[in-house]
Amino acid sequence: MTFNPHSSKYSKWKNHIHFWKYPSILLTGVAIANIGDWIFLIALNLTMLDMSGSPLAIAGLYILKPFATLCTNSWAGSVVDRLNKRRLMITFDLIRAVLIFTLPFLHHIGLIYAVVLVIYMASSIFRPTSMVYTTKLIPTEHRKRFNSIQSLIHSGAFLIGPAIAGLLFLITSPQMAIFVTAVAFGISSIMTWILPDLEKGTVTIDHPVNQEPITKMAKSNRSWQMIKHDWRLVIAFSRQAWNVMLIYFLFQILMVLAAGLDSMEVAFVKEVLAGTDSQYSYLVSVAGIGLGVGALVNMVIVKRLTVTILLAVGAIGFGAGYVIYSLSDSFTGAAIGFFVLAFFMAFMNTGFMTFYQNHVPVDMMGRISSIYSLVAAVMQMLSVFILGLTAQLWSISWSVIIGSCVMLGITLVLALAVRLYMPISPPEEAQ
């Protein structure tokens with residue numbers, strides 16, 4: 001059998017490899033940054049505990065994330081939608097790298113909180129920027145496949161990041177692990193620099209890209225009037241595409257409830273299940289395995305599943321996993337619940353990301369994501385407070401059970417909304 005470089009099969013593989021060149025670079029940068037995030041989280045918690053000796057000081061770090069969202073997301077979308085996404089991504093990666101590098105040299109808890117807040121603010125702006133750039137880079141017919149691979153990368157980082165952190169702690173110290181995180185974000189910025197500048201139009205790629213020139217913001221445009229104008233645009237779009245935003249908002253409520261329930265996990269395992277710290281660590285590992293298995297299965301069969309199935313079935317399975325966990329009276333039952341919720345999370349996230357990319361205008365994506373994330377941050381803080389208050393007034397067990405049942409109800413409403421109101425998706429080819 002002779003090899004024919006001009007055969008249609010060879011040409012198809014050549015085009016396939018050529019297309020995945022830039023997405024592969026983007027996914028590599030995502031993987032490095034995600035692993036760095038996990039190393040940073042664990043190293044920062046240990047450093048703060050060593051400095052203060054107080055669990056309350058660590059709890060303060062978790063409050064900083066939603067607070068950073070409140071500080072940035074009222075205006076971040078206006079910036080993201082008007083400036084060059086690739087340059088913004090590089091800038092915020094470098095900002096995070098430099099600030100993280102300075103943390104081991106700080107010896108006052110207040111200063112560390114201030115720097116970490118700025119790091120989280122940079123991350124809050126980076127996320128919608130990355131989403132917009134990814135939507136521009138990946139054409140519709142490849143988004144399910146790309147998002148399934150990205151989900152696998154996130155789950156891999158969930159397992160690999162803590163493992164690398166533990167290895168670094170054995171060899172060196174948490175401070176050195178923080179330096180490694182800074183290097184990871186620096187490498188991520190280099191990977192982004194290699195990617196095409198889609199808005200500049202200097203690189204030709206194989207699919208249509210919005211090449212409209214980016215208008216420079218005048219000083220007057222940086223005013224409160226511009227922000228109010230953008231809020232009106234988002235509200236107008238939400239009214240016009242109410243079905244899209246209904247599904248989007250239900251998903252955000254689901255994530256808010258998940259964050260609230262996650263805040264009760266340690267107390268539930270130790271007080272209700274009478275577990276130990278090592279058993280809680282094991283449960284987290286089980287969730288990581290569930291997420292990894294789900295992401296792997298998702299990546300293999302994603303071309304056979306519609307976005308509707310991914311989102312609806314994934315959400316119901318996710319909610320059911322929380323209910324199994326909340327009703328458990330044994331460690332084994334809780335482990336099964338953790339595995340189920342994490343397994344279906346991979347499908348749900350892939351479905352939601354693809355839905356969002358396909359039905360939200362790319363030129364408004366930054367503003368929509370930022371403004372709704374602002375609302376979600378407020379709801380998240382309320383969720384944590386209400387569940388904590390319920391646990392204080394009644395019991396941790398009832399607090400988790402009620403929260404999980406409400407979550408399952410929301411997943412059923414979301415699945416029904418997806419079934420009834422999901423807009424017709426753009427045509428998808430077999431991937």
# chains A, B, ... in the order shown; residues from 1 in each chain; ligands from 1
>>> residues_around(residues="range 255-263 of chain A", least_positions_apart="4", cutoff="7 Å", atoms="only C-alpha atoms", output="PyMOL selection string")
chain A and resi 251+376+379-380+383-384+387+400+403+407
>>> write_last_selection(atoms="N, CA and C atoms", output="PDB file, in the first residue's frame")
ATOM      1  N   PHE A 251     -28.609  28.273  36.144  1.00  0.00           N
ATOM      2  CA  PHE A 251     -27.307  27.625  36.338  1.00  0.00           C
ATOM      3  C   PHE A 251     -26.500  28.366  37.399  1.00  0.00           C
ATOM      4  N   ALA A 376     -24.300  36.982  41.243  1.00  0.00           N
ATOM      5  CA  ALA A 376     -24.035  35.661  41.809  1.00  0.00           C
ATOM      6  C   ALA A 376     -23.164  35.753  43.058  1.00  0.00           C
ATOM      7  N   MET A 379     -25.361  36.697  45.920  1.00  0.00           N
ATOM      8  CA  MET A 379     -26.178  35.540  46.268  1.00  0.00           C
ATOM      9  C   MET A 379     -25.347  34.472  46.976  1.00  0.00           C
ATOM     10  N   GLN A 380     -24.083  34.326  46.557  1.00  0.00           N
ATOM     11  CA  GLN A 380     -23.223  33.327  47.183  1.00  0.00           C
ATOM     12  C   GLN A 380     -22.972  33.649  48.654  1.00  0.00           C
ATOM     13  N   SER A 383     -26.061  32.889  50.490  1.00  0.00           N
ATOM     14  CA  SER A 383     -26.247  31.446  50.595  1.00  0.00           C
ATOM     15  C   SER A 383     -25.418  30.872  51.738  1.00  0.00           C
ATOM     16  N   VAL A 384     -24.141  31.277  51.797  1.00  0.00           N
ATOM     17  CA  VAL A 384     -23.257  30.802  52.869  1.00  0.00           C
ATOM     18  C   VAL A 384     -23.800  31.237  54.228  1.00  0.00           C
ATOM     19  N   LEU A 387     -27.216  29.256  55.095  1.00  0.00           N
ATOM     20  CA  LEU A 387     -26.956  27.863  55.460  1.00  0.00           C
ATOM     21  C   LEU A 387     -26.234  27.775  56.797  1.00  0.00           C
ATOM     22  N   VAL A 400     -27.732  20.983  55.581  1.00  0.00           N
ATOM     23  CA  VAL A 400     -27.218  20.384  54.338  1.00  0.00           C
ATOM     24  C   VAL A 400     -28.333  19.670  53.579  1.00  0.00           C
ATOM     25  N   GLY A 403     -30.593  22.373  51.973  1.00  0.00           N
ATOM     26  CA  GLY A 403     -29.871  22.991  50.849  1.00  0.00           C
ATOM     27  C   GLY A 403     -29.779  22.071  49.656  1.00  0.00           C
ATOM     28  N   MET A 407     -31.443  22.447  45.973  1.00  0.00           N
ATOM     29  CA  MET A 407     -30.598  22.356  44.779  1.00  0.00           C
ATOM     30  C   MET A 407     -31.179  21.369  43.773  1.00  0.00           C
TER      31      MET A 407
END
>>> residues_around(residues="Leu414 in chain A", least_positions_apart="2", cutoff="7 Å", atoms="only C-alpha atoms", output="list in words")
Ile247, Leu250, Ala312, Ile410, Thr411, Leu412, Leu416, Ala417 and Val418 of chain A
>>> residues_around(residues="Leu152 in chain A", least_positions_apart="3", cutoff="12 Å", atoms="only C-alpha atoms", output="short mmCIF file (atom, residue, chain, number, x, y, z; two decimals) with N, CA and C atoms, in the first residue's frame")
data_model
loop_
_atom_site.label_atom_id
_atom_site.label_comp_id
_atom_site.auth_asym_id
_atom_site.auth_seq_id
_atom_site.Cartn_x
_atom_site.Cartn_y
_atom_site.Cartn_z
N LEU A 27 -5.17 25.39 25.51
CA LEU A 27 -5.45 24.38 26.54
C LEU A 27 -4.22 24.12 27.41
N VAL A 30 -4.10 26.90 29.86
CA VAL A 30 -5.16 26.69 30.85
C VAL A 30 -4.72 25.65 31.88
N ALA A 31 -4.12 24.56 31.41
CA ALA A 31 -3.68 23.48 32.29
C ALA A 31 -2.62 23.98 33.28
N ASN A 34 -4.23 26.36 35.83
CA ASN A 34 -5.09 25.66 36.78
C ASN A 34 -4.29 24.89 37.82
N ARG A 145 -16.33 19.62 21.75
CA ARG A 145 -15.09 18.86 21.91
C ARG A 145 -14.08 19.64 22.74
N PHE A 146 -13.91 20.92 22.41
CA PHE A 146 -12.95 21.76 23.15
C PHE A 146 -13.35 21.84 24.62
N ASN A 147 -14.62 22.09 24.91
CA ASN A 147 -15.07 22.24 26.29
C ASN A 147 -14.95 20.94 27.06
N SER A 148 -15.14 19.79 26.39
CA SER A 148 -14.99 18.51 27.08
C SER A 148 -13.52 18.28 27.45
N ILE A 149 -12.61 18.67 26.55
CA ILE A 149 -11.18 18.54 26.86
C ILE A 149 -10.79 19.50 27.98
N SER A 155 -10.31 18.85 35.76
CA SER A 155 -10.33 17.74 36.70
C SER A 155 -8.93 17.20 36.94
N GLY A 156 -8.11 17.19 35.90
CA GLY A 156 -6.72 16.77 36.07
C GLY A 156 -5.96 17.69 37.00
N ALA A 157 -6.20 18.99 36.85
CA ALA A 157 -5.56 19.96 37.74
C ALA A 157 -6.00 19.78 39.18
N PHE A 158 -7.27 19.39 39.36
CA PHE A 158 -7.83 19.14 40.69
C PHE A 158 -7.06 18.03 41.41
N LEU A 159 -6.56 17.05 40.62
CA LEU A 159 -5.81 15.94 41.19
C LEU A 159 -4.30 16.21 41.22
N ILE A 160 -3.78 16.76 40.11
CA ILE A 160 -2.34 16.94 39.97
C ILE A 160 -1.83 18.10 40.83
N GLY A 288 -12.45 14.31 43.24
CA GLY A 288 -11.51 14.53 42.14
C GLY A 288 -11.50 13.38 41.16
N ILE A 289 -11.56 12.16 41.68
CA ILE A 289 -11.60 10.98 40.80
C ILE A 289 -12.90 10.97 40.00
N GLY A 290 -14.02 11.29 40.67
CA GLY A 290 -15.30 11.34 39.98
C GLY A 290 -15.30 12.36 38.86
N LEU A 291 -14.71 13.53 39.13
CA LEU A 291 -14.63 14.57 38.11
C LEU A 291 -13.76 14.13 36.95
N GLY A 292 -12.65 13.44 37.27
CA GLY A 292 -11.75 12.97 36.22
C GLY A 292 -12.40 11.90 35.36
N VAL A 293 -13.07 10.94 35.99
CA VAL A 293 -13.75 9.87 35.24
C VAL A 293 -14.87 10.46 34.39
N GLY A 294 -15.65 11.37 34.99
CA GLY A 294 -16.73 12.00 34.24
C GLY A 294 -16.21 12.77 33.04
N ALA A 295 -15.13 13.52 33.23
CA ALA A 295 -14.55 14.31 32.13
C ALA A 295 -14.02 13.41 31.03
N LEU A 296 -13.43 12.28 31.43
CA LEU A 296 -12.89 11.35 30.43
C LEU A 296 -14.01 10.70 29.62
N VAL A 297 -15.05 10.23 30.32
CA VAL A 297 -16.21 9.65 29.62
C VAL A 297 -16.87 10.70 28.73
N ASN A 298 -17.00 11.89 29.26
CA ASN A 298 -17.60 13.00 28.51
C ASN A 298 -16.84 13.26 27.22
N MET A 299 -15.50 13.28 27.31
CA MET A 299 -14.68 13.57 26.14
C MET A 299 -14.85 12.50 25.07
N VAL A 300 -15.04 11.24 25.49
CA VAL A 300 -15.16 10.13 24.55
C VAL A 300 -16.51 10.14 23.84
N ALA A 342 -19.62 14.84 41.32
CA ALA A 342 -18.45 15.27 40.55
C ALA A 342 -18.47 14.69 39.14
N PHE A 343 -18.93 13.42 39.01
CA PHE A 343 -19.02 12.77 37.70
C PHE A 343 -19.92 13.55 36.76
N MET A 345 -20.90 16.63 37.11
CA MET A 345 -20.47 18.02 36.96
C MET A 345 -19.72 18.22 35.65
N ALA A 346 -18.94 17.22 35.25
CA ALA A 346 -18.17 17.32 34.01
C ALA A 346 -19.09 17.50 32.81
N PHE A 347 -20.20 16.75 32.76
CA PHE A 347 -21.16 16.87 31.66
C PHE A 347 -21.89 18.21 31.73
N ASN A 349 -20.95 21.07 33.10
CA ASN A 349 -20.09 22.20 32.76
C ASN A 349 -19.83 22.30 31.26
N THR A 350 -19.61 21.15 30.62
CA THR A 350 -19.40 21.15 29.16
C THR A 350 -20.65 21.67 28.44
#
>>> atom_distance(atom1="CA of Met264 in chain A", atom2="CA of Leu168 in chain A")
28.8 Å
>>> select_by_dssp(residues="range 242-329 of chain A", states="alpha helix (DSSP H)", output="PyMOL selection string")
chain A and resi 242-262+265-267+277-301+307-326
